[in-house]
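K.L.:
Contents are compact mmCIF, N, CA and C atoms and all ligand atoms; file name coords-v1.txt:
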# COMPACT_ATOMS: atom_id res chain seq x y z
N MET A 1 0.82 -1.20 0.00
CA MET A 1 0.00 0.00 0.00
C MET A 1 0.86 1.26 0.00
N LEU A 2 1.83 1.34 0.91
CA LEU A 2 2.65 2.55 0.97
C LEU A 2 3.51 2.70 -0.28
N ASP A 3 3.89 1.58 -0.89
CA ASP A 3 4.65 1.66 -2.13
C ASP A 3 3.85 2.35 -3.21
N LYS A 4 2.54 2.09 -3.25
CA LYS A 4 1.69 2.73 -4.25
C LYS A 4 1.57 4.23 -3.99
N ILE A 5 1.51 4.60 -2.73
CA ILE A 5 1.42 6.02 -2.38
C ILE A 5 2.70 6.73 -2.79
N ALA A 6 3.83 6.03 -2.70
CA ALA A 6 5.11 6.66 -2.99
C ALA A 6 5.22 7.07 -4.45
N ILE A 7 4.46 6.43 -5.31
CA ILE A 7 4.52 6.78 -6.73
C ILE A 7 3.62 7.99 -6.96
N LYS A 8 4.24 9.10 -7.32
CA LYS A 8 3.49 10.34 -7.50
C LYS A 8 3.14 10.53 -8.98
N PRO A 9 1.86 10.61 -9.28
CA PRO A 9 1.47 10.82 -10.68
C PRO A 9 2.03 12.14 -11.21
N THR A 10 2.34 12.16 -12.47
CA THR A 10 2.85 13.37 -13.11
C THR A 10 1.85 14.51 -12.95
N GLY A 11 2.33 15.64 -12.55
CA GLY A 11 1.48 16.82 -12.41
C GLY A 11 0.73 16.91 -11.10
N ALA A 12 0.84 15.89 -10.28
CA ALA A 12 0.11 15.91 -8.99
C ALA A 12 0.85 16.80 -7.99
N LEU A 13 0.08 17.37 -7.09
CA LEU A 13 0.64 18.12 -5.98
C LEU A 13 0.30 17.39 -4.70
N ARG A 14 1.27 17.30 -3.83
CA ARG A 14 1.01 16.63 -2.56
C ARG A 14 1.20 17.59 -1.40
N PHE A 15 0.21 17.58 -0.53
CA PHE A 15 0.26 18.40 0.67
C PHE A 15 0.20 17.49 1.88
N LEU A 16 1.02 17.76 2.83
CA LEU A 16 1.01 17.00 4.08
C LEU A 16 0.67 17.94 5.22
N LEU A 17 -0.39 17.62 5.93
CA LEU A 17 -0.82 18.42 7.08
C LEU A 17 -0.55 17.61 8.34
N VAL A 18 0.22 18.16 9.24
CA VAL A 18 0.62 17.44 10.45
C VAL A 18 0.12 18.21 11.66
N GLY A 19 -0.58 17.49 12.51
CA GLY A 19 -1.04 18.18 13.71
C GLY A 19 -0.91 17.29 14.91
N ASP A 20 -0.80 17.83 15.81
CA ASP A 20 -0.26 18.75 16.74
C ASP A 20 1.08 18.22 17.21
N ALA A 21 2.15 18.89 16.89
CA ALA A 21 3.47 18.52 17.41
C ALA A 21 3.54 19.05 18.84
N VAL A 22 3.52 18.17 19.82
CA VAL A 22 3.42 18.59 21.22
C VAL A 22 4.73 18.40 21.97
N GLY A 23 5.27 19.50 22.48
CA GLY A 23 6.43 19.47 23.35
C GLY A 23 7.67 18.86 22.71
N THR A 24 8.64 18.56 23.57
CA THR A 24 9.90 18.00 23.09
C THR A 24 9.70 16.68 22.35
N PRO A 25 8.85 15.77 22.84
CA PRO A 25 8.66 14.53 22.07
C PRO A 25 8.12 14.80 20.67
N GLY A 26 7.22 15.74 20.54
CA GLY A 26 6.67 16.08 19.23
C GLY A 26 7.72 16.67 18.31
N ILE A 27 8.54 17.55 18.86
CA ILE A 27 9.62 18.15 18.06
C ILE A 27 10.60 17.07 17.62
N ASN A 28 10.94 16.18 18.55
CA ASN A 28 11.89 15.12 18.19
C ASN A 28 11.34 14.22 17.09
N MET A 29 10.08 13.87 17.19
CA MET A 29 9.46 13.04 16.16
C MET A 29 9.44 13.77 14.81
N CYS A 30 9.07 15.03 14.84
CA CYS A 30 9.04 15.81 13.59
C CYS A 30 10.43 15.93 12.99
N SER A 31 11.41 16.19 13.82
CA SER A 31 12.78 16.35 13.32
C SER A 31 13.29 15.06 12.70
N LYS A 32 12.93 13.95 13.30
CA LYS A 32 13.42 12.66 12.80
C LYS A 32 12.66 12.21 11.55
N TRP A 33 11.34 12.33 11.57
CA TRP A 33 10.53 11.67 10.54
C TRP A 33 10.05 12.56 9.41
N LEU A 34 9.75 13.81 9.68
CA LEU A 34 9.15 14.62 8.62
C LEU A 34 10.06 14.82 7.40
N PRO A 35 11.36 15.02 7.59
CA PRO A 35 12.19 15.14 6.37
C PRO A 35 12.16 13.86 5.55
N ARG A 36 12.14 12.71 6.20
CA ARG A 36 12.11 11.43 5.49
C ARG A 36 10.77 11.24 4.78
N ILE A 37 9.70 11.53 5.47
CA ILE A 37 8.36 11.37 4.87
C ILE A 37 8.19 12.33 3.70
N LYS A 38 8.64 13.56 3.91
CA LYS A 38 8.50 14.57 2.86
C LYS A 38 9.25 14.14 1.60
N ALA A 39 10.44 13.59 1.78
CA ALA A 39 11.23 13.15 0.63
C ALA A 39 10.65 11.87 0.02
N ALA A 40 10.31 10.91 0.85
CA ALA A 40 9.85 9.61 0.35
C ALA A 40 8.56 9.74 -0.46
N TYR A 41 7.69 10.65 -0.04
CA TYR A 41 6.40 10.79 -0.72
C TYR A 41 6.34 12.02 -1.61
N GLN A 42 7.50 12.61 -1.83
CA GLN A 42 7.61 13.77 -2.73
C GLN A 42 6.56 14.82 -2.41
N VAL A 43 6.51 15.18 -1.15
CA VAL A 43 5.54 16.18 -0.69
C VAL A 43 5.95 17.55 -1.20
N ASP A 44 5.01 18.27 -1.76
CA ASP A 44 5.28 19.59 -2.30
C ASP A 44 5.20 20.68 -1.24
N SER A 45 4.31 20.51 -0.29
CA SER A 45 4.16 21.51 0.75
C SER A 45 3.64 20.85 2.02
N MET A 46 4.21 21.27 3.13
CA MET A 46 3.84 20.64 4.41
C MET A 46 3.53 21.73 5.45
N VAL A 47 2.40 21.56 6.10
CA VAL A 47 1.99 22.47 7.17
C VAL A 47 1.95 21.67 8.47
N VAL A 48 2.57 22.19 9.50
CA VAL A 48 2.59 21.52 10.80
C VAL A 48 1.92 22.43 11.83
N ASN A 49 1.01 21.86 12.61
CA ASN A 49 0.42 22.64 13.69
C ASN A 49 1.39 22.63 14.86
N GLY A 50 1.82 23.83 15.24
CA GLY A 50 2.84 23.93 16.28
C GLY A 50 2.41 24.67 17.52
N GLU A 51 1.13 24.85 17.71
CA GLU A 51 0.69 25.71 18.81
C GLU A 51 1.08 25.21 20.18
N ASN A 52 1.41 23.94 20.30
CA ASN A 52 1.85 23.41 21.59
C ASN A 52 3.21 22.72 21.48
N SER A 53 4.06 23.28 20.65
CA SER A 53 5.36 22.66 20.39
C SER A 53 6.47 23.10 21.33
N ALA A 54 6.22 24.07 22.19
CA ALA A 54 7.25 24.48 23.17
C ALA A 54 7.60 23.28 24.05
N LYS A 55 8.77 23.32 24.65
CA LYS A 55 9.30 22.17 25.39
C LYS A 55 8.29 21.54 26.34
N ASP A 56 7.56 22.37 27.04
CA ASP A 56 6.62 21.83 28.04
C ASP A 56 5.26 21.48 27.44
N GLY A 57 5.13 21.61 26.14
CA GLY A 57 3.88 21.25 25.48
C GLY A 57 2.80 22.30 25.60
N LYS A 58 3.21 23.51 25.98
CA LYS A 58 2.23 24.59 26.13
C LYS A 58 2.67 25.79 25.31
N GLY A 59 1.94 26.07 24.25
CA GLY A 59 2.27 27.20 23.40
C GLY A 59 3.40 26.90 22.44
N ILE A 60 3.78 27.92 21.71
CA ILE A 60 4.88 27.81 20.73
C ILE A 60 5.85 28.94 21.03
N ASN A 61 7.13 28.68 20.89
CA ASN A 61 8.13 29.73 21.06
C ASN A 61 9.08 29.73 19.87
N ASN A 62 10.03 30.65 19.88
CA ASN A 62 10.92 30.77 18.72
C ASN A 62 11.71 29.48 18.48
N GLU A 63 12.13 28.85 19.55
CA GLU A 63 12.93 27.63 19.42
C GLU A 63 12.13 26.50 18.76
N SER A 64 10.93 26.28 19.23
CA SER A 64 10.16 25.17 18.66
C SER A 64 9.70 25.50 17.24
N TYR A 65 9.40 26.77 16.99
CA TYR A 65 9.03 27.19 15.64
C TYR A 65 10.19 26.93 14.68
N GLN A 66 11.39 27.31 15.06
CA GLN A 66 12.55 27.09 14.19
C GLN A 66 12.81 25.61 13.99
N ALA A 67 12.57 24.81 15.01
CA ALA A 67 12.76 23.36 14.88
C ALA A 67 11.78 22.77 13.88
N LEU A 68 10.55 23.25 13.89
CA LEU A 68 9.57 22.76 12.92
C LEU A 68 9.93 23.19 11.51
N ARG A 69 10.40 24.40 11.37
CA ARG A 69 10.84 24.87 10.05
C ARG A 69 12.03 24.05 9.56
N ALA A 70 12.95 23.75 10.48
CA ALA A 70 14.13 22.95 10.11
C ALA A 70 13.72 21.52 9.74
N ALA A 71 12.62 21.05 10.29
CA ALA A 71 12.13 19.70 9.97
C ALA A 71 11.43 19.68 8.62
N GLY A 72 11.26 20.84 8.01
CA GLY A 72 10.69 20.89 6.67
C GLY A 72 9.31 21.51 6.58
N ALA A 73 8.80 22.03 7.68
CA ALA A 73 7.49 22.68 7.64
C ALA A 73 7.59 23.93 6.75
N ASP A 74 6.78 23.97 5.71
CA ASP A 74 6.75 25.15 4.85
C ASP A 74 5.92 26.24 5.49
N ALA A 75 5.01 25.84 6.35
CA ALA A 75 4.20 26.79 7.11
C ALA A 75 3.82 26.13 8.43
N VAL A 76 3.55 26.98 9.42
CA VAL A 76 3.16 26.49 10.75
C VAL A 76 1.80 27.09 11.08
N SER A 77 0.87 26.22 11.38
CA SER A 77 -0.45 26.68 11.82
C SER A 77 -0.48 26.65 13.35
N THR A 78 -1.47 27.31 13.90
CA THR A 78 -1.57 27.38 15.36
C THR A 78 -3.03 27.31 15.79
N GLY A 79 -3.23 27.57 17.05
CA GLY A 79 -4.58 27.58 17.61
C GLY A 79 -4.61 28.53 18.79
N ASN A 80 -5.56 28.29 19.67
CA ASN A 80 -5.78 29.24 20.76
C ASN A 80 -4.64 29.34 21.77
N HIS A 81 -3.65 28.46 21.71
CA HIS A 81 -2.52 28.53 22.64
C HIS A 81 -1.33 29.30 22.07
N VAL A 82 -1.50 29.90 20.93
CA VAL A 82 -0.39 30.52 20.22
C VAL A 82 0.21 31.72 20.95
N TRP A 83 -0.56 32.38 21.81
CA TRP A 83 -0.08 33.61 22.43
C TRP A 83 0.58 33.39 23.79
N ARG A 84 0.78 32.17 24.21
CA ARG A 84 1.32 31.89 25.55
C ARG A 84 2.69 32.51 25.77
N HIS A 85 3.56 32.44 24.75
CA HIS A 85 4.94 32.94 24.89
C HIS A 85 5.06 34.27 24.17
N ASN A 86 5.24 35.33 24.95
CA ASN A 86 5.30 36.68 24.37
C ASN A 86 6.41 36.82 23.34
N GLU A 87 7.50 36.10 23.54
CA GLU A 87 8.64 36.21 22.61
C GLU A 87 8.23 35.87 21.18
N PHE A 88 7.19 35.07 21.04
CA PHE A 88 6.81 34.60 19.71
C PHE A 88 5.89 35.57 18.98
N HIS A 89 5.36 36.54 19.68
CA HIS A 89 4.43 37.48 19.05
C HIS A 89 5.07 38.21 17.87
N GLN A 90 6.37 38.50 17.97
CA GLN A 90 7.07 39.20 16.89
C GLN A 90 7.08 38.35 15.61
N SER A 91 7.31 37.05 15.77
CA SER A 91 7.29 36.17 14.59
C SER A 91 5.89 36.09 14.01
N LEU A 92 4.91 36.08 14.88
CA LEU A 92 3.52 36.03 14.41
C LEU A 92 3.17 37.25 13.57
N GLU A 93 3.75 38.39 13.94
CA GLU A 93 3.46 39.64 13.23
C GLU A 93 4.29 39.78 11.96
N ASN A 94 5.39 39.06 11.87
CA ASN A 94 6.33 39.19 10.75
C ASN A 94 5.76 38.52 9.50
N LEU A 95 5.49 39.31 8.49
CA LEU A 95 4.90 38.77 7.25
C LEU A 95 5.82 37.79 6.55
N ALA A 96 7.12 37.87 6.83
CA ALA A 96 8.07 36.97 6.18
C ALA A 96 8.06 35.58 6.81
N GLU A 97 7.48 35.46 7.98
CA GLU A 97 7.44 34.16 8.66
C GLU A 97 6.14 33.44 8.31
N PRO A 98 6.24 32.22 7.82
CA PRO A 98 5.03 31.48 7.42
C PRO A 98 4.34 30.82 8.61
N VAL A 99 3.81 31.65 9.47
CA VAL A 99 3.08 31.16 10.64
C VAL A 99 1.83 32.02 10.81
N VAL A 100 0.73 31.35 11.10
CA VAL A 100 -0.53 32.07 11.22
C VAL A 100 -1.19 31.77 12.55
N ARG A 101 -2.00 32.73 12.99
CA ARG A 101 -2.82 32.55 14.19
C ARG A 101 -4.22 32.16 13.73
N PRO A 102 -5.06 31.70 14.65
CA PRO A 102 -6.44 31.38 14.26
C PRO A 102 -7.14 32.62 13.69
N ALA A 103 -7.95 32.39 12.66
CA ALA A 103 -8.67 33.49 12.03
C ALA A 103 -9.91 33.90 12.83
N ASN A 104 -10.37 33.03 13.70
CA ASN A 104 -11.62 33.31 14.40
C ASN A 104 -11.41 33.97 15.75
N PHE A 105 -10.39 34.88 15.81
CA PHE A 105 -10.17 35.69 17.00
C PHE A 105 -10.26 37.15 16.59
N PRO A 106 -10.49 38.05 17.53
CA PRO A 106 -10.64 39.47 17.18
C PRO A 106 -9.44 40.02 16.41
N VAL A 107 -9.70 41.02 15.61
CA VAL A 107 -8.69 41.63 14.74
C VAL A 107 -7.50 42.13 15.54
N GLY A 108 -7.67 42.61 16.74
CA GLY A 108 -6.58 43.17 17.53
C GLY A 108 -5.60 42.16 18.09
N CYS A 109 -5.88 40.89 17.98
CA CYS A 109 -4.97 39.87 18.51
C CYS A 109 -3.68 39.87 17.70
N PRO A 110 -2.52 39.65 18.38
CA PRO A 110 -1.27 39.61 17.62
C PRO A 110 -1.28 38.50 16.58
N GLY A 111 -0.65 38.79 15.46
CA GLY A 111 -0.47 37.78 14.42
C GLY A 111 -1.30 38.05 13.18
N LYS A 112 -1.10 37.20 12.22
CA LYS A 112 -1.77 37.32 10.93
C LYS A 112 -2.52 36.04 10.61
N THR A 113 -3.47 36.14 9.74
CA THR A 113 -4.28 34.97 9.37
C THR A 113 -4.11 34.64 7.90
FE FE B 1 -5.19 24.87 21.33
Before anything else, please render the file you have as structure tokens.
Ligand SMILES: [Fe+2]
P.N.:
Amino acid sequence: MLDKIAIKPTGALRFLLVGDAVGTPGINMCSKWLPRIKAAYQVDSMVVNGENSAKDGKGINNESYQALRAAGADAVSTGNHVWRHNEFHQSLENLAEPVVRPANFPVGCPGKT
């Protein structure tokens, strides 16, 4: 079965959505496996939910965000725990960083959708 999935039809686009990388174990798993999975299945774009990827599994910080990006995440999605670490608000506001906050929060909340 997996061998058949590995064969990518010409012209096809593959997206891999990964959720929720939680804490250090989640980061370790992503770092180890996502580059292999992305290469093996010729994934074109991968989004990882990182809202609880900080070491203690609560919120996201610069370190865990960078680890997810290094693991091959082309973009990082989040949820209601995204604002726990103030240090990360700057990345959330930075248009050059492919990370988004939930769209269903008031306009004044830090971050972009
Ligand atoms: Fe959440």
K.L.:
Could I get the residues of segment 2-40 of chain A with an atom no further than 8 Å from an atom of segment 67-73 of chain A, each paired with its nearest atom pair and that distance in Å to one decimal, using all atoms listed in the file, sorted by chain and residue number, as JSON lines?
P.N.:
{"residue": "A:Ile27", "atom": "CA", "partner": "A:Ala67", "partner_atom": "C", "distance": 6.6}
{"residue": "A:Cys30", "atom": "C", "partner": "A:Ala71", "partner_atom": "CA", "distance": 5.1}
{"residue": "A:Ser31", "atom": "CA", "partner": "A:Ala71", "partner_atom": "CA", "distance": 4.8}
{"residue": "A:Lys32", "atom": "N", "partner": "A:Ala71", "partner_atom": "CA", "distance": 6.7}
{"residue": "A:Trp33", "atom": "C", "partner": "A:Ala71", "partner_atom": "C", "distance": 7.3}
{"residue": "A:Leu34", "atom": "C", "partner": "A:Ala71", "partner_atom": "C", "distance": 5.2}
{"residue": "A:Pro35", "atom": "N", "partner": "A:Ala71", "partner_atom": "C", "distance": 4.8}
{"residue": "A:Arg36", "atom": "N", "partner": "A:Ala71", "partner_atom": "C", "distance": 7.4}
{"residue": "A:Lys38", "atom": "CA", "partner": "A:Gly72", "partner_atom": "CA", "distance": 7.7}
K.L.:
Using atom N of Asn94 of chain A and atom N of Val47 of chain A as the two end points, give the distance in Å to one decimal.
P.N.:
18.7 Å
K.L.:
Can you list, as an MDAnalysis selection string, every protein, DNA or RNA residue that comes within 8 Å of Ala6 of chain A when you count only N, CA and C atoms, leaving out same-chain residues fewer than 6 positions away?
P.N.:
chainID A and resid 40:42
K.L.:
Just the number, please: distance in Å from atom C of Leu17 of chain A to atom CA of Ile37 of chain A, one decimal.
P.N.:
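About the pair atom C of Leu17 of chain A and atom CA of Ile37 of chain A: they are 11.4 Å apart.
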K.L.:
Extract the full set of strand (DSSP E or B) residues from chain A according to DSSP on the backbone, and format it as a list in words.
P.N.:
Phe15, Leu16, Leu17, Val18, Ser45, Met46, Val47, Val48, Asn49, Ala75, Val76, Ser77 and Val99 of chain A
K.L.:
Return as JSON the box centre and box size in Å, one decimal, for an axis-aligned box around all listed atoms of segment 21-36 of chain A padded by 8 Å per side.
P.N.:
{"center_x": 7.8, "center_y": 15.4, "center_z": 14.2, "size_x": 27.3, "size_y": 24.3, "size_z": 34.8}
K.L.:
Which residues, written as a list in words, have at least one atom at most 10 Å from Ser77 of chain A, with only C-alpha atoms counted and residues fewer than 2 positions away on the same chain left out?
P.N.:
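Near Ser77 of chain A, the qualifying residues are Leu17, Val18, Gly19, Asp20, Val47, Val48, Asn49, Gly50, Glu51, Ala73, Ala75, Gly79, Val82, Pro98, Val99, Val100, Arg101, Pro102 and Thr113 of chain A.
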K.L.:
Could you list, as a PyMOL selection string, every residue within 7 Å of Pro110 of chain A, counting all atoms listed in the file and ignoring same-chain residues fewer than 2 positions away?
P.N.:
chain A and resi 89+92-93+101+107-108+112
K.L.:
Under the rule that only C-alpha atoms and all ligand atoms are counted, which of A:Ala103, A:Asn52, A:Tyr65, A:Glu97 is the nearest residue to ligand FE 1 (chain B)?
P.N.:
A:Asn52
K.L.:
Taking (7.4, 30.8, 24.2) in the file's coordinates, which residues come within 8 Å, counting only C-alpha atoms, written as a list in words?
P.N.:
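With a cut-off of 8 Å, the residues come to Ala54, Gly59, Ile60, Asn61, Asn62, Glu63, Arg84, His85, Asn86, Glu87 and Phe88 of chain A.
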K.L.:
Restricted to N, CA and C atoms, what would the selected residues look like written as a CSV table (one decimal), keeping the file's coordinate frame?
P.N.:
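See result-v2.csv below for the written result:
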chain,number,residue,atom,x,y,z
A,54,ALA,N,6.2,24.1,22.2
A,54,ALA,CA,7.2,24.5,23.2
A,54,ALA,C,7.6,23.3,24.0
A,59,GLY,N,1.9,26.1,24.2
A,59,GLY,CA,2.3,27.2,23.4
A,59,GLY,C,3.4,26.9,22.4
A,60,ILE,N,3.8,27.9,21.7
A,60,ILE,CA,4.9,27.8,20.7
A,60,ILE,C,5.8,28.9,21.0
A,61,ASN,N,7.1,28.7,20.9
A,61,ASN,CA,8.1,29.7,21.1
A,61,ASN,C,9.1,29.7,19.9
A,62,ASN,N,10.0,30.6,19.9
A,62,ASN,CA,10.9,30.8,18.7
A,62,ASN,C,11.7,29.5,18.5
A,63,GLU,N,12.1,28.8,19.6
A,63,GLU,CA,12.9,27.6,19.4
A,63,GLU,C,12.1,26.5,18.8
A,84,ARG,N,0.8,32.2,24.2
A,84,ARG,CA,1.3,31.9,25.6
A,84,ARG,C,2.7,32.5,25.8
A,85,HIS,N,3.6,32.4,24.8
A,85,HIS,CA,4.9,32.9,24.9
A,85,HIS,C,5.1,34.3,24.2
A,86,ASN,N,5.2,35.3,25.0
A,86,ASN,CA,5.3,36.7,24.4
A,86,ASN,C,6.4,36.8,23.3
A,87,GLU,N,7.5,36.1,23.5
A,87,GLU,CA,8.6,36.2,22.6
A,87,GLU,C,8.2,35.9,21.2
A,88,PHE,N,7.2,35.1,21.0
A,88,PHE,CA,6.8,34.6,19.7
A,88,PHE,C,5.9,35.6,19.0
K.L.:
If you measure from atom N of Phe15 of chain A to atom C of Ala96 of chain A, what distance in Å do you get, rounded to one decimal?
P.N.:
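Spanning atom N of Phe15 of chain A to atom C of Ala96 of chain A is a straight-line distance of 21.0 Å.
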K.L.:
With distances taken over only N, CA and C atoms and all ligand atoms, which residue among A:Ser64, A:Thr78, A:Asn104, A:Cys109 lies nearest ligand FE 1 (chain B)?
P.N.:
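With only N, CA and C atoms and all ligand atoms as the atom set, the closest residue is A:Thr78.
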K.L.:
Got a sec to write segment 42-63 of chain A of the block to a file, N, CA and C atoms, as a PDB file, in the first residue's frame?
P.N.:
ATOM      1  N   GLN A  42       7.497  12.611  -1.828  1.00  0.00           N
ATOM      2  CA  GLN A  42       7.605  13.766  -2.731  1.00  0.00           C
ATOM      3  C   GLN A  42       6.556  14.824  -2.407  1.00  0.00           C
ATOM      4  N   VAL A  43       6.508  15.178  -1.147  1.00  0.00           N
ATOM      5  CA  VAL A  43       5.542  16.176  -0.687  1.00  0.00           C
ATOM      6  C   VAL A  43       5.954  17.555  -1.198  1.00  0.00           C
ATOM      7  N   ASP A  44       5.006  18.271  -1.760  1.00  0.00           N
ATOM      8  CA  ASP A  44       5.282  19.594  -2.300  1.00  0.00           C
ATOM      9  C   ASP A  44       5.204  20.678  -1.237  1.00  0.00           C
ATOM     10  N   SER A  45       4.307  20.506  -0.290  1.00  0.00           N
ATOM     11  CA  SER A  45       4.163  21.512   0.751  1.00  0.00           C
ATOM     12  C   SER A  45       3.641  20.847   2.023  1.00  0.00           C
ATOM     13  N   MET A  46       4.210  21.268   3.135  1.00  0.00           N
ATOM     14  CA  MET A  46       3.840  20.643   4.410  1.00  0.00           C
ATOM     15  C   MET A  46       3.535  21.729   5.450  1.00  0.00           C
ATOM     16  N   VAL A  47       2.398  21.564   6.104  1.00  0.00           N
ATOM     17  CA  VAL A  47       1.995  22.470   7.174  1.00  0.00           C
ATOM     18  C   VAL A  47       1.946  21.667   8.471  1.00  0.00           C
ATOM     19  N   VAL A  48       2.573  22.193   9.502  1.00  0.00           N
ATOM     20  CA  VAL A  48       2.586  21.522  10.801  1.00  0.00           C
ATOM     21  C   VAL A  48       1.915  22.430  11.826  1.00  0.00           C
ATOM     22  N   ASN A  49       1.013  21.858  12.607  1.00  0.00           N
ATOM     23  CA  ASN A  49       0.419  22.641  13.686  1.00  0.00           C
ATOM     24  C   ASN A  49       1.389  22.635  14.859  1.00  0.00           C
ATOM     25  N   GLY A  50       1.818  23.833  15.243  1.00  0.00           N
ATOM     26  CA  GLY A  50       2.840  23.930  16.279  1.00  0.00           C
ATOM     27  C   GLY A  50       2.412  24.673  17.520  1.00  0.00           C
ATOM     28  N   GLU A  51       1.126  24.855  17.710  1.00  0.00           N
ATOM     29  CA  GLU A  51       0.686  25.712  18.810  1.00  0.00           C
ATOM     30  C   GLU A  51       1.078  25.209  20.184  1.00  0.00           C
ATOM     31  N   ASN A  52       1.412  23.939  20.300  1.00  0.00           N
ATOM     32  CA  ASN A  52       1.854  23.406  21.592  1.00  0.00           C
ATOM     33  C   ASN A  52       3.206  22.722  21.479  1.00  0.00           C
ATOM     34  N   SER A  53       4.064  23.284  20.651  1.00  0.00           N
ATOM     35  CA  SER A  53       5.359  22.657  20.391  1.00  0.00           C
ATOM     36  C   SER A  53       6.467  23.103  21.327  1.00  0.00           C
ATOM     37  N   ALA A  54       6.223  24.072  22.193  1.00  0.00           N
ATOM     38  CA  ALA A  54       7.246  24.479  23.168  1.00  0.00           C
ATOM     39  C   ALA A  54       7.600  23.280  24.049  1.00  0.00           C
ATOM     40  N   LYS A  55       8.769  23.321  24.646  1.00  0.00           N
ATOM     41  CA  LYS A  55       9.300  22.171  25.388  1.00  0.00           C
ATOM     42  C   LYS A  55       8.293  21.538  26.343  1.00  0.00           C
ATOM     43  N   ASP A  56       7.558  22.373  27.040  1.00  0.00           N
ATOM     44  CA  ASP A  56       6.622  21.833  28.038  1.00  0.00           C
ATOM     45  C   ASP A  56       5.256  21.480  27.443  1.00  0.00           C
ATOM     46  N   GLY A  57       5.130  21.610  26.137  1.00  0.00           N
ATOM     47  CA  GLY A  57       3.879  21.250  25.475  1.00  0.00           C
ATOM     48  C   GLY A  57       2.799  22.296  25.598  1.00  0.00           C
ATOM     49  N   LYS A  58       3.207  23.514  25.980  1.00  0.00           N
ATOM     50  CA  LYS A  58       2.231  24.589  26.130  1.00  0.00           C
ATOM     51  C   LYS A  58       2.670  25.793  25.310  1.00  0.00           C
ATOM     52  N   GLY A  59       1.944  26.067  24.249  1.00  0.00           N
ATOM     53  CA  GLY A  59       2.274  27.204  23.400  1.00  0.00           C
ATOM     54  C   GLY A  59       3.405  26.896  22.440  1.00  0.00           C
ATOM     55  N   ILE A  60       3.781  27.917  21.711  1.00  0.00           N
ATOM     56  CA  ILE A  60       4.877  27.812  20.735  1.00  0.00           C
ATOM     57  C   ILE A  60       5.847  28.940  21.026  1.00  0.00           C
ATOM     58  N   ASN A  61       7.132  28.677  20.887  1.00  0.00           N
ATOM     59  CA  ASN A  61       8.127  29.730  21.061  1.00  0.00           C
ATOM     60  C   ASN A  61       9.078  29.726  19.866  1.00  0.00           C
ATOM     61  N   ASN A  62      10.027  30.654  19.875  1.00  0.00           N
ATOM     62  CA  ASN A  62      10.924  30.774  18.720  1.00  0.00           C
ATOM     63  C   ASN A  62      11.708  29.484  18.480  1.00  0.00           C
ATOM     64  N   GLU A  63      12.134  28.846  19.551  1.00  0.00           N
ATOM     65  CA  GLU A  63      12.931  27.625  19.425  1.00  0.00           C
ATOM     66  C   GLU A  63      12.133  26.504  18.759  1.00  0.00           C
TER      67      GLU A  63
END
